Structures are given as C-alpha cells and as structure tokens.
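In what follows, a structure is listed as structure tokens, so that the remarks can point back to it.
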Amino acid sequence: MKLVVGLGNPGSQYARTRHNVGWLVMDRLADRAGWAGKGRQRDASNVAMGRFRGLDLTLVKPLTYMNDSGLAVRKVLAREHAPLSDVLIVADDFALPFGKLRFREGGSHGGHNGLRSIIDELGTEKFSRLRIGIGEPDRAAVDHVLSTFTPEETSRLDELLDAAADAVEAWARDGTNKAANRFNNFELRPADTTRIAPAGEVDGPPGADGIRRTRTGWRRIRPAKPDDAS
C-alpha cells in the first residue's frame, strides 16, 4: 500500500488557495479512481483508499491546520503501519515557479510549516515529497500562500493538477528517483491569453444562453461538473 498525503487547510475559505494545492491533487486522484466523496474521516484526516490501475493507494488530506499536519500524518502512519519508503507528501512551494514539479527523497522543510510539523512529529527528514510550484510571492509569504490563483494561473491549473496526479502515479509504480527523472523537468504550456477576459475572469461570464464572449469570438460553454472536493 502506497500512502500519499496532500497538505492543505480545512475550511471553504481555503479551498482554492495556493497552500491547498496538495489537497487539489488528492481530489484529482480521487476523481480518477472514482473515490470522490467516498473518503472517511479518521485520524484527523479525510482518507480514501482502494485499488486503482493496479496500485494499492491511500489518499490522505489532513484535517488539522497546516501547522499541525504532522499530528495527522503520525496517526495515519501508526494505523496503516506504513514504512516511510511507502509515503509521499505533496505540498506547495513558493520557491518554485508556478507549475514546476520537484521530487525529493528527503531534506529540510524549506520554510514550509506543514513539512516542518511532519519532520518534528516523525523525528526525521527522510521521506519523499513532491513539491508543486505556486510562484514567488510579491507580498508577505503568508498572504501569498493563502491567496487564490490569478486568472492566468487558473487557466492552466487543470493541466498542472493532471501532471501532478500523473507524477504521483509514477512515484507509486516506480519510486522517487524514476519519477523525478520524468517530472522534475516538467513545464506547463504557456497561458492562452485569448481565454483570459479583460475583466480578469477566464473567458468572462457566460450569458443566460450559455454563450460567452472571448477575444477570438463567441463560444458556447459546456455545463460545469459538480464540485467533488471534500
């Protein structure tokens, strides 16, 4: 069983913030596996598990606030009797440009309070982590990580979450080193500026007929899928 922990903060006010990108990756994996909305709350976490594409996975979203992530991680590890070699922590990193992915087999917390808490609780830095770039702050770090993505970033967020979910699957199959060789050089496509409306909303708001105006013409939008975040 491979155990994947996505770091974030509970509460609707944090749901789409940069600091919750680890949770967003867990949601993307749960969507793929058909586990969305099926997680159980235990050990101070939301936990979903099962077999997916030949992998035995446990997806964990700590329900503590970020600074106490280690408490939840320690409880889940104790219940699952998981060795650290089978654990991956997915976290945001403002030292990386938006959209970059970076695997590491260990190392310091780098100023990330969630990783700091995990290291303190486990008493070791020797666990794999996937760091997801959220861009360098142009304001106080706390304000940056708790802010939402810009329209330009939002237009590419789905691609980033898919790539991160692919990276987690690669880690579960092949280990950290091979996954790093595949994904540490990942680059997001450039933003499609035609999809960013002058008002700052991606594609702008649709009309009552479901058609919205873009910089390249009129387009009918597809119905939105229900929000499966838990």
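Residue numbering restarts at 1 for every chain of the structure tokens, chains are lettered A, B, ... in their displayed order, and ligands are numbered from 1 as they appear.
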Mind dumping a table of every stretch 21-60 of chain A residue within 10 Å of stretch 132-149 of chain A, with the nearest atom pair and its distance in Å to one decimal, using only C-alpha atoms, sorted by chain and rising number, as a Markdown table?
| residue | atom | partner | partner_atom | distance |
| --- | --- | --- | --- | --- |
| A:Val21 | CA | A:Ile132 | CA | 7.6 |
| A:Gly22 | CA | A:Ile132 | CA | 8.1 |
| A:Val25 | CA | A:Ile132 | CA | 9.9 |
| Residues of stretch 11-230 of chain A in helix (DSSP H, G or I), written as a PyMOL selection string | chain A and resi 12-14+18-33+66-80+84-86+113-122+141-145+151-174+176-183+193-195
| remark: Closest of A:Asp166, A:Asp43, A:Glu152, A:Glu121 to A:Val76, counting only C-alpha atoms, is A:Asp43
